[in-house]
$ cat entry27.txt   # compact mmCIF, C-alpha atoms
# COMPACT_ATOMS: atom_id res chain seq x y z
CA MET A 50 71.53 40.14 -9.06
CA LYS A 51 68.71 41.03 -11.42
CA VAL A 52 65.70 42.94 -10.08
CA THR A 53 62.35 43.04 -11.89
CA LEU A 54 59.42 45.19 -10.79
CA TRP A 55 56.17 43.22 -11.20
CA GLY A 56 54.00 45.56 -9.17
CA THR A 57 54.80 49.14 -8.17
CA ARG A 58 51.42 50.45 -7.02
CA GLY A 59 50.51 51.05 -3.37
CA SER A 60 47.35 50.49 -1.35
CA LEU A 61 45.07 49.39 -4.17
CA ALA A 62 45.57 47.94 -7.63
CA ALA A 63 44.93 50.65 -10.22
CA PRO A 64 44.80 49.14 -13.71
CA GLY A 65 43.69 51.25 -16.62
CA PRO A 66 44.87 53.19 -19.64
CA GLU A 67 45.92 56.12 -17.44
CA THR A 68 48.39 53.94 -15.45
CA ILE A 69 49.70 51.82 -18.29
CA ARG A 70 53.36 52.98 -18.07
CA TYR A 71 53.92 52.95 -14.30
CA GLY A 72 51.59 50.00 -13.87
CA GLY A 73 48.54 49.15 -11.82
CA ASN A 74 49.63 46.05 -9.89
CA THR A 75 50.50 46.26 -6.21
CA SER A 76 53.91 45.53 -4.71
CA CYS A 77 55.92 42.62 -6.01
CA VAL A 78 59.61 42.52 -6.93
CA GLU A 79 61.60 39.60 -8.31
CA VAL A 80 65.24 39.27 -7.27
CA ARG A 81 67.32 36.75 -9.21
CA GLY A 82 70.71 35.73 -7.92
CA GLU A 83 73.77 34.89 -9.98
CA GLY A 84 73.12 31.22 -9.28
CA GLY A 85 69.48 31.44 -10.31
CA GLU A 86 68.07 31.74 -6.77
CA LEU A 87 64.68 33.43 -6.71
CA LEU A 88 63.57 35.83 -4.01
CA VAL A 89 60.15 37.42 -4.33
CA LEU A 90 59.61 40.61 -2.36
CA ASP A 91 55.95 40.92 -1.37
CA ALA A 92 52.92 39.23 -2.85
CA GLY A 93 50.83 42.08 -4.20
CA THR A 94 48.79 41.57 -7.34
CA GLY A 95 51.98 41.78 -9.44
CA ILE A 96 52.97 38.31 -8.24
CA GLN A 97 50.40 36.68 -10.51
CA ARG A 98 52.36 37.60 -13.67
CA LEU A 99 55.65 36.63 -12.06
CA GLY A 100 54.19 33.22 -11.19
CA ALA A 101 53.36 32.57 -14.83
CA THR A 102 57.04 33.00 -15.77
CA VAL A 103 58.22 30.26 -13.39
CA ARG A 104 55.41 27.82 -14.03
CA GLY A 105 56.50 24.18 -13.97
CA GLY A 106 59.95 24.84 -12.53
CA ARG A 107 61.36 22.91 -9.61
CA GLY A 108 63.65 25.39 -7.89
CA ARG A 109 63.15 26.74 -4.39
CA ILE A 110 61.37 30.07 -4.06
CA ASP A 111 61.68 32.39 -1.06
CA LEU A 112 58.87 34.88 -0.67
CA MET A 113 59.79 37.78 1.62
CA LEU A 114 56.82 39.74 2.96
CA THR A 115 57.42 43.17 4.42
CA HIS A 116 54.07 43.15 6.23
CA LEU A 117 50.61 41.74 5.89
CA HIS A 118 48.57 44.66 4.63
CA MET A 119 46.24 43.54 1.87
CA ASP A 120 48.09 45.22 -1.00
CA HIS A 121 51.17 43.14 -0.12
CA ILE A 122 49.50 39.72 0.14
CA GLN A 123 46.50 39.91 -2.16
CA GLY A 124 48.27 38.07 -4.97
CA LEU A 125 49.46 35.23 -2.78
CA GLY A 126 46.60 32.88 -3.61
CA PHE A 127 47.23 33.47 -7.32
CA PHE A 128 50.93 32.55 -7.27
CA GLU A 129 51.04 29.40 -9.39
CA PRO A 130 54.09 27.77 -7.77
CA LEU A 131 52.08 27.38 -4.56
CA TYR A 132 49.96 24.81 -6.41
CA GLU A 133 52.93 22.79 -7.72
CA PRO A 134 53.55 19.67 -5.60
CA ALA A 135 57.27 19.54 -6.39
CA ARG A 136 57.92 23.10 -5.29
CA GLU A 137 59.76 24.09 -2.14
CA ILE A 138 58.49 27.49 -1.06
CA HIS A 139 59.50 29.47 2.00
CA ILE A 140 57.45 32.44 3.09
CA TRP A 141 59.16 34.91 5.41
CA GLY A 142 57.31 37.63 7.24
CA PRO A 143 57.58 40.12 10.08
CA PRO A 144 57.32 38.73 13.60
CA SER A 145 54.34 39.25 15.85
CA PRO A 146 54.48 39.01 19.64
CA THR A 147 51.25 37.01 19.72
CA LEU A 148 50.44 35.11 16.51
CA ASP A 149 52.64 33.05 14.22
CA LEU A 150 52.88 33.87 10.52
CA ARG A 151 50.72 30.93 9.46
CA THR A 152 47.84 32.06 11.68
CA ARG A 153 48.05 35.63 10.43
CA LEU A 154 48.22 34.66 6.76
CA ALA A 155 45.38 32.19 7.19
CA ARG A 156 43.09 35.08 8.06
CA TYR A 157 43.18 35.91 4.35
CA LEU A 158 43.89 32.48 2.86
CA SER A 159 40.76 30.83 4.21
CA PRO A 160 37.01 31.07 3.60
CA PRO A 161 35.13 33.32 3.33
CA LEU A 162 37.85 35.62 1.96
CA PHE A 163 39.55 32.96 -0.17
CA PRO A 164 38.41 29.47 -1.18
CA VAL A 165 41.75 27.72 -0.67
CA GLY A 166 43.32 27.43 2.75
CA LEU A 167 47.04 27.45 3.46
CA ARG A 168 46.90 23.83 4.58
CA ASP A 169 45.43 22.81 1.22
CA LEU A 170 48.37 24.08 -0.82
CA PRO A 171 50.20 21.13 -2.42
CA CYS A 172 53.69 22.65 -2.50
CA HIS A 173 56.26 22.08 0.25
CA LEU A 174 55.54 25.21 2.21
CA THR A 175 57.50 26.50 5.20
CA LEU A 176 56.74 29.72 7.02
CA HIS A 177 59.27 31.73 8.98
CA ASN A 178 59.33 34.84 11.09
CA VAL A 179 62.30 36.85 9.85
CA PRO A 180 65.06 36.56 12.44
CA PRO A 181 66.53 39.68 14.05
CA GLU A 182 70.01 38.78 12.88
CA ARG A 183 71.38 38.62 9.32
CA PHE A 184 70.64 35.34 7.55
CA GLU A 185 71.49 33.61 4.29
CA ILE A 186 69.32 32.31 1.47
CA GLY A 187 71.40 30.65 -1.23
CA GLY A 188 73.96 33.22 -2.29
CA PHE A 189 72.04 36.10 -0.73
CA GLU A 190 72.71 37.69 2.62
CA VAL A 191 69.45 39.07 3.97
CA GLU A 192 68.83 41.60 6.70
CA ALA A 193 65.36 42.53 7.94
CA GLU A 194 64.64 45.41 10.32
CA LEU A 195 61.40 46.79 11.70
CA VAL A 196 60.65 50.14 10.10
CA CYS A 197 58.24 53.00 10.68
CA HIS A 198 54.87 51.83 9.32
CA PRO A 199 51.72 50.87 11.24
CA GLY A 200 51.72 47.25 12.37
CA SER A 201 54.69 44.95 12.38
CA THR A 202 56.55 45.92 9.18
CA VAL A 203 60.08 45.20 8.05
CA GLY A 204 62.30 46.50 5.30
CA TYR A 205 64.93 44.31 3.66
CA ARG A 206 68.53 44.67 2.65
CA ILE A 207 69.65 41.94 0.28
CA ALA A 208 73.30 41.57 -0.62
CA GLU A 209 75.02 39.34 -3.09
CA GLY A 210 78.77 39.63 -3.04
CA ASN A 211 79.48 43.34 -2.71
CA ARG A 212 76.20 44.46 -4.32
CA SER A 213 73.16 45.43 -2.31
CA LEU A 214 69.46 46.15 -2.71
CA ALA A 215 67.37 47.93 -0.08
CA TYR A 216 63.61 47.42 -0.27
CA LEU A 217 61.37 49.64 1.89
CA PRO A 218 58.06 49.85 0.03
CA ASP A 219 56.01 51.12 2.98
CA HIS A 220 57.98 53.51 5.11
CA GLU A 221 57.59 56.87 6.80
CA PRO A 222 61.08 57.85 7.98
CA ALA A 223 60.10 61.49 8.52
CA LEU A 224 57.84 60.57 11.43
CA GLY A 225 60.54 59.76 13.97
CA VAL A 226 62.93 62.62 13.33
CA ARG A 227 62.54 66.13 14.67
CA ALA A 228 63.97 67.86 11.60
CA PHE A 229 63.95 65.33 8.78
CA PRO A 230 66.28 64.70 7.04
CA ALA A 231 68.87 64.69 9.79
CA GLU A 232 70.19 62.51 12.60
CA ARG A 233 70.98 59.30 10.73
CA GLU A 234 71.00 57.23 13.91
CA TRP A 235 67.43 58.33 14.66
CA THR A 236 66.17 57.70 11.12
CA SER A 237 64.07 54.58 10.58
CA GLY A 238 65.49 52.35 7.87
CA PHE A 239 68.81 54.15 7.64
CA ASP A 240 71.01 51.11 8.25
CA LEU A 241 69.10 49.06 5.68
CA ALA A 242 69.50 51.69 2.99
CA ALA A 243 72.97 53.00 3.79
CA GLU A 244 74.98 53.18 0.56
CA ALA A 245 72.81 50.58 -1.14
CA ASP A 246 73.46 50.09 -4.82
CA LEU A 247 69.72 50.18 -5.41
CA LEU A 248 67.05 51.60 -3.10
CA ILE A 249 63.39 50.83 -3.78
CA HIS A 250 61.43 53.13 -1.49
CA ASP A 251 57.94 54.34 -0.72
CA ALA A 252 57.12 57.62 -2.50
CA GLN A 253 53.35 57.48 -2.36
CA TYR A 254 52.31 61.07 -1.83
CA THR A 255 52.81 64.58 -3.00
CA THR A 256 54.01 66.99 -0.32
CA GLU A 257 50.48 68.37 0.02
CA GLU A 258 48.91 64.92 0.33
CA TYR A 259 51.44 63.90 2.96
CA ARG A 260 50.45 66.82 5.21
CA GLN A 261 46.96 65.28 5.43
CA ARG A 262 48.26 61.74 5.99
CA ILE A 263 51.05 62.02 8.55
CA GLY A 264 51.28 58.79 10.51
CA TRP A 265 49.75 56.62 7.80
CA GLY A 266 53.13 55.00 7.23
CA HIS A 267 54.06 56.38 3.82
CA SER A 268 56.36 59.01 2.39
CA SER A 269 55.99 61.97 0.14
CA MET A 270 58.16 61.97 -2.96
CA ARG A 271 60.10 64.80 -1.35
CA ASP A 272 60.82 62.81 1.82
CA ALA A 273 61.70 59.71 -0.18
CA PHE A 274 64.15 61.83 -2.16
CA ALA A 275 65.60 63.19 1.10
CA PHE A 276 65.89 59.67 2.55
CA ALA A 277 67.68 58.45 -0.56
CA THR A 278 70.10 61.37 -0.31
CA LEU A 279 70.70 60.89 3.43
CA SER A 280 71.31 57.16 3.04
CA GLY A 281 73.82 57.60 0.22
CA ALA A 282 72.01 55.14 -2.05
CA ARG A 283 73.48 55.01 -5.55
CA ARG A 284 70.25 54.43 -7.44
CA PHE A 285 66.73 55.22 -6.24
CA VAL A 286 63.43 53.82 -7.49
CA PRO A 287 60.30 55.63 -6.19
CA PHE A 288 57.74 52.93 -5.42
CA HIS A 289 54.29 52.24 -3.97
CA HIS A 290 52.63 54.84 -6.15
CA ASP A 291 49.32 56.17 -4.92
CA PRO A 292 46.39 54.54 -6.76
CA THR A 293 45.02 57.99 -7.65
CA HIS A 294 48.23 59.07 -9.37
CA ASP A 295 48.15 58.48 -13.10
CA ASP A 296 51.14 58.35 -15.42
CA ALA A 297 51.08 62.08 -16.11
CA MET A 298 51.07 62.86 -12.39
CA LEU A 299 53.97 60.46 -11.72
CA ASP A 300 55.91 62.03 -14.59
CA ARG A 301 55.43 65.42 -12.95
CA LEU A 302 56.67 64.13 -9.57
CA ASP A 303 59.70 62.61 -11.28
CA ALA A 304 60.43 65.86 -13.08
CA ALA A 305 60.14 67.84 -9.85
CA VAL A 306 62.80 65.69 -8.20
CA ARG A 307 65.12 66.07 -11.15
CA ALA A 308 64.59 69.83 -11.12
CA ALA A 309 65.36 70.09 -7.41
CA GLY A 310 69.09 70.22 -8.03
CA ASP A 311 72.09 67.96 -8.27
CA LEU A 312 71.02 64.46 -7.39
CA THR A 313 73.41 62.30 -5.38
CA PHE A 314 71.84 59.19 -6.92
CA VAL A 315 70.53 57.98 -10.25
CA LEU A 316 66.76 58.35 -10.28
CA ILE A 317 64.96 55.47 -11.99
CA PRO A 318 61.19 55.70 -12.50
CA GLY A 319 59.34 52.90 -10.73
CA THR A 320 57.66 51.41 -13.76
CA GLU A 321 56.07 47.98 -13.74
CA GLY A 322 57.94 45.47 -15.88
CA SER A 323 61.32 47.16 -15.72
CA THR A 324 64.41 45.09 -14.94
CA LEU A 325 67.53 46.46 -13.28
CA GLU A 326 70.96 44.89 -12.88
CA VAL A 327 72.54 45.38 -9.48
CA MET B 359 77.07 55.42 15.11
CA SER B 360 74.50 52.85 14.04
CA GLN B 361 70.81 53.50 13.72
CA LYS B 362 68.57 53.14 16.77
CA ALA B 363 65.89 50.46 16.91
CA ILE B 364 62.56 51.57 15.50
CA GLU B 365 60.93 51.15 18.93
CA LEU B 366 63.33 53.74 20.38
CA ILE B 367 62.80 56.07 17.42
CA LEU B 368 59.03 55.98 17.87
CA MET B 369 59.31 56.27 21.67
CA ARG B 370 61.38 59.40 21.26
CA GLN B 371 58.83 60.80 18.87
CA LEU B 372 56.04 60.15 21.39
CA ALA B 373 58.09 61.67 24.20
CA SER B 374 58.73 64.77 22.09
CA SER B 375 54.99 65.31 21.85
CA LEU B 376 54.06 64.83 25.50
CA ALA B 377 53.94 67.48 28.20
CA MET B 378 55.34 65.36 31.03
CA PRO B 379 59.07 64.89 31.57
CA ILE B 380 60.36 61.70 29.95
CA PHE B 381 63.76 60.03 29.90
CA LEU B 382 64.71 57.37 27.36
CA LEU B 383 67.61 55.07 28.25
CA ASP B 384 69.48 52.44 26.27
CA PRO B 385 70.14 48.98 27.79
CA SER B 386 73.39 50.23 29.34
CA GLY B 387 71.65 53.08 31.15
CA ASN B 388 72.87 55.82 28.84
CA LEU B 389 70.38 58.66 28.50
CA LEU B 390 69.50 58.62 24.81
CA PHE B 391 66.93 61.37 24.93
CA TYR B 392 64.99 63.62 27.27
CA ASN B 393 62.17 65.85 26.20
CA GLU B 394 61.63 69.55 26.82
CA PRO B 395 59.71 69.13 30.09
CA ALA B 396 62.58 66.92 31.32
CA GLU B 397 65.03 69.66 30.38
CA GLN B 398 63.37 71.78 33.05
CA LEU B 399 64.02 69.06 35.61
CA LEU B 400 67.65 68.51 34.68
CA GLY B 401 68.49 72.12 34.03
CA SER B 402 70.15 71.10 30.77
CA ARG B 403 69.06 71.19 27.17
CA TYR B 404 69.21 67.99 25.16
CA ASP B 405 70.50 69.84 22.14
CA GLU B 406 73.46 70.98 24.23
CA THR B 407 74.26 67.80 26.15
CA GLY B 408 73.25 65.14 23.63
CA GLU B 409 73.34 61.62 24.99
CA MET B 410 74.71 61.21 28.52
CA SER B 411 76.24 58.33 30.41
CA MET B 412 74.38 57.04 33.45
CA ARG B 413 76.97 58.63 35.74
CA ASP B 414 76.51 62.03 34.12
CA TRP B 415 72.73 62.15 34.14
CA PHE B 416 72.53 60.69 37.64
CA GLY B 417 74.93 63.40 38.80
CA LEU B 418 72.64 66.10 37.42
CA PHE B 419 69.59 64.44 38.91
CA ALA B 420 71.06 63.82 42.42
CA PRO B 421 67.88 62.42 43.99
CA ILE B 422 67.31 62.60 47.75
CA ALA B 423 65.05 60.20 49.66
CA GLU B 424 62.27 61.31 52.01
CA ASP B 425 64.64 60.83 54.98
CA GLY B 426 67.27 63.10 53.42
CA SER B 427 69.68 60.37 52.37
CA PRO B 428 70.92 60.15 48.77
CA VAL B 429 69.06 57.65 46.58
CA PRO B 430 71.59 55.19 45.14
CA VAL B 431 71.50 54.80 41.39
CA GLU B 432 70.48 51.14 41.61
CA ALA B 433 67.37 52.07 43.60
CA LEU B 434 66.02 54.45 40.95
CA PRO B 435 62.97 53.21 39.04
CA LEU B 436 64.90 53.52 35.77
CA SER B 437 67.64 51.22 37.09
CA ILE B 438 65.07 48.71 38.33
CA ALA B 439 63.29 48.77 34.96
CA LEU B 440 66.56 48.13 33.16
CA HIS B 441 68.08 45.51 35.42
CA LYS B 442 65.05 43.71 36.83
CA HIS B 443 62.90 44.07 33.69
CA ARG B 444 59.83 45.29 35.50
CA ALA B 445 57.98 48.52 36.09
CA ALA B 446 58.92 50.49 39.19
CA HIS B 447 57.77 53.62 41.00
CA GLN B 448 59.34 55.86 43.60
CA THR B 449 58.98 59.30 45.14
CA PHE B 450 62.08 61.38 45.91
CA TRP B 451 63.33 64.95 46.03
CA ILE B 452 65.52 66.75 43.55
CA LYS B 453 66.79 70.32 43.32
CA GLY B 454 65.36 71.93 40.21
CA LEU B 455 66.87 74.43 37.85
CA ASP B 456 65.45 77.21 40.01
CA GLY B 457 67.31 75.88 43.07
CA ILE B 458 64.12 74.86 44.81
CA SER B 459 63.74 71.29 46.04
CA LYS B 460 60.82 69.49 44.43
CA LYS B 461 59.07 66.29 45.35
CA ILE B 462 59.09 64.11 42.25
CA GLY B 463 57.18 60.95 41.45
CA ALA B 464 58.90 58.68 38.96
CA THR B 465 57.59 55.64 37.13
CA ALA B 466 59.78 53.62 34.83
CA PHE B 467 59.22 50.59 32.64
CA PRO B 468 61.46 48.48 30.43
CA LEU B 469 61.18 48.57 26.64
CA GLU B 470 61.12 45.01 25.48
CA GLY B 471 61.11 44.31 21.76
CA GLN B 472 60.05 41.20 19.92
CA GLY B 473 62.19 38.19 20.63
CA ALA B 474 62.64 39.38 24.24
CA ARG B 475 65.22 41.99 23.21
CA LEU B 476 65.77 44.59 25.91
CA LEU B 477 65.85 47.89 24.07
CA GLY B 478 66.11 50.22 27.05
CA ALA B 479 63.80 51.87 29.55
CA VAL B 480 61.48 54.83 29.79
CA GLY B 481 61.09 57.06 32.85
CA ILE B 482 58.12 59.39 33.34
CA PHE B 483 58.28 62.06 36.04
CA TRP B 484 55.89 64.51 37.62
CA GLU B 485 55.98 66.96 40.47
CA GLU B 486 53.98 65.85 43.49
CA SER B 487 52.24 68.33 45.69
$ encode --input "entry27.txt" --output "structure tokens"
Amino acid sequence: MKVTLWGTRGSLAAPGPETIRYGGNTSCVEVRGEGGELLVLDAGTGIQRLGATVRGGRGRIDLMLTHLHMDHIQGLGFFEPLYEPAREIHIWGPPSPTLDLRTRLARYLSPPLFPVGLRDLPCHLTLHNVPPERFEIGGFEVEAELVCHPGSTVGYRIAEGNRSLAYLPDHEPALGVRAFPAEREWTSGFDLAAEADLLIHDAQYTTEEYRQRIGWGHSSMRDAFAFATLSGARRFVPFHHDPTHDDAMLDRLDAAVRAAGDLTFVLIPGTEGSTLEV
Amino acid sequence: MSQKAIELILMRQLASSLAMPIFLLDPSGNLLFYNEPAEQLLGSRYDETGEMSMRDWFGLFAPIAEDGSPVPVEALPLSIALHKHRAAHQTFWIKGLDGISKKIGATAFPLEGQGARLLGAVGIFWEES
């Protein structure tokens, strides 16, 4: 599979000359299967540029939402394939015990927040709660598990053949463990990330920032590094960069991880526009 | 050993922070976790025992009813929460770590996840005067 990062920023889009290398768009990742299948992970503002690359196509698109915080759905109304009548689009999202996915998404995709309602979209749209068991989309095997983040939030593990991608853009694994990193069976997200060929994981804060934001559902770079080590991931992409962190700051965080000692994984900077083969 | 459900992970975290004794069971009745106040009740440290089967933790607990008869395991609030999927409350006596019998109130409730998955049960205990 081929993985392209269209948006790597967390919480709030942060465009500008100071974020030009890591990017300013919020979470969106394209996953292309060997057979051309297209999975889109989250619909942050990065999805707008992805949409332009598939304009006019006819293939099915599966959009996998980890949760419905604004930075993960803000680009949805700007995803061009939604306005193509011939398109078959499936949106998958975390379950809720009370409201279906359509109702929850319609809170944003309806006036006064957005001029176009979900029911007005001309594509063939189907919405699904992610099932608790493993499921298949084309040649992909997909697993979704609830993870530690406020509100109903899932992470994904996507496998094609014997290759796997773990995507946990909003995740605070340190919260549920008494002495993190330890106790794999008590670590949120561990099964999703275990020995993944590529792990894309929340690394929003510095260690100092995290101390002031425990429980907000995000990780420090240090905890993300520890999670990647614990899970045995082969490659690790820090993701969901804080909107106040410019390129120079993110370079420093990257350098600090590399200086920490022998890495058990290959560290790949989470830069918008980069493509990785898995 | 596979990873626990996130609901159990967060429940354990909450229990670790509270001052009242709490037990966390899996759907089979195994004791997954008990917090420090519960260690005082059981007379065992979680770090030493780790997870315990229902038979083992019930043996340590050995509850006695008001009339002096042993409370059967199926009558415990935790068993009712697990098997009947509802909250339950009961008062009974146990012998504490200090050898003194204590009157204990226990309330238990099932942990039900989305999609009606039974994840386990939680028991909260306190000493009654």
$ residues_around --input "entry27.txt" --residues "region 471-473 of chain B" --least-positions-apart "3" --cutoff "9 Å" --atoms "all atoms listed in the file" --output "JSON, numbers by chain"
{"A": [144, 145, 146, 180, 181], "B": [365, 476, 477]}
$ atom_distance --input "entry27.txt" --atom1 "CA of Ala215 (chain A)" --atom2 "CA of Leu247 (chain A)"
6.2 Å
$ interface_residues --input "entry27.txt" --of "chain B" --to "chain A" --cutoff "9 Å" --atoms "all atoms listed in the file" --output "list in words"
Met359, Ser360, Gln361, Lys362, Ala363, Ile364, Glu365, Leu366, Ile367, Leu368, Met369, Arg370, Gln371, Leu372, Ser374, Gly471, Gln472 and Gly473 of chain B
$ closest_residue --input "entry27.txt" --among "B:Ile482, B:Leu436, B:Ile452, B:Ala474" --to "Leu418 (chain B)" --atoms "all atoms listed in the file"
B:Ile452
$ closest_residue --input "entry27.txt" --among "A:Ala242, A:Leu316, A:Ile186, A:Leu88" --to "His220 (chain A)" --atoms "only C-alpha atoms"
A:Ala242
$ closest_residue --input "entry27.txt" --among "A:Trp265, A:Phe288, A:Phe127, A:Phe314" --to "Leu158 (chain A)" --atoms "all atoms listed in the file"
A:Phe127
$ atom_distance --input "entry27.txt" --atom1 "CA of Val286 (chain A)" --atom2 "CA of Gly210 (chain A)"
21.4 Å
$ residues_around --input "entry27.txt" --residues "region 391-400 of chain B" --least-positions-apart "4" --cutoff "6 Å" --atoms "only C-alpha atoms" --output "PyMOL selection string"
chain B and resi 374+378-382+454
$ atom_distance --input "entry27.txt" --atom1 "CA of Gly319 (chain A)" --atom2 "CA of Ala252 (chain A)"
9.7 Å
$ residues_near_point --input "entry27.txt" --point "(78.6, 53.2, 1.0)" --cutoff "8 Å" --atoms "only C-alpha atoms" --output "PyMOL selection string"
chain A and resi 243-245+281-282
$ residues_around --input "entry27.txt" --residues "region 267-270 of chain A" --least-positions-apart "3" --cutoff "7 Å" --atoms "all atoms listed in the file" --output "PyMOL selection string"
chain A and resi 219-221+251-256+259+273-274
$ write_last_selection --input "entry27.txt" --atoms "C-alpha atoms" --output "compact mmCIF listing (two decimals), in the frame of the given file"
# COMPACT_ATOMS: atom_id res chain seq x y z
CA ASP A 219 56.01 51.12 2.98
CA HIS A 220 57.98 53.51 5.11
CA GLU A 221 57.59 56.87 6.80
CA ASP A 251 57.94 54.34 -0.72
CA ALA A 252 57.12 57.62 -2.50
CA GLN A 253 53.35 57.48 -2.36
CA TYR A 254 52.31 61.07 -1.83
CA THR A 255 52.81 64.58 -3.00
CA THR A 256 54.01 66.99 -0.32
CA TYR A 259 51.44 63.90 2.96
CA ALA A 273 61.70 59.71 -0.18
CA PHE A 274 64.15 61.83 -2.16
$ axis_aligned_box --input "entry27.txt" --around "region 477-482 of chain B" --padding-each-side "6 Å" --output "lines of an AutoDock Vina configuration file"
center_x = 62.1
center_y = 53.6
center_z = 28.7
size_x = 20.0
size_y = 23.5
size_z = 21.3
$ residues_around --input "entry27.txt" --residues "Arg156 (chain A)" --least-positions-apart "4" --cutoff "12 Å" --atoms "all atoms listed in the file" --output "list in words"
Leu117, His118, Met119, Ile122, Gln123, Leu148, Asp149, Leu150, Arg151, Thr152, Pro160, Pro161, Leu162, Phe163, Pro164, Val165, Gly166 and Leu167 of chain A
$ closest_residue --input "entry27.txt" --among "A:Glu258, A:Gly142, A:Val203, A:Gln97" --to "His294 (chain A)" --atoms "all atoms listed in the file"
A:Glu258
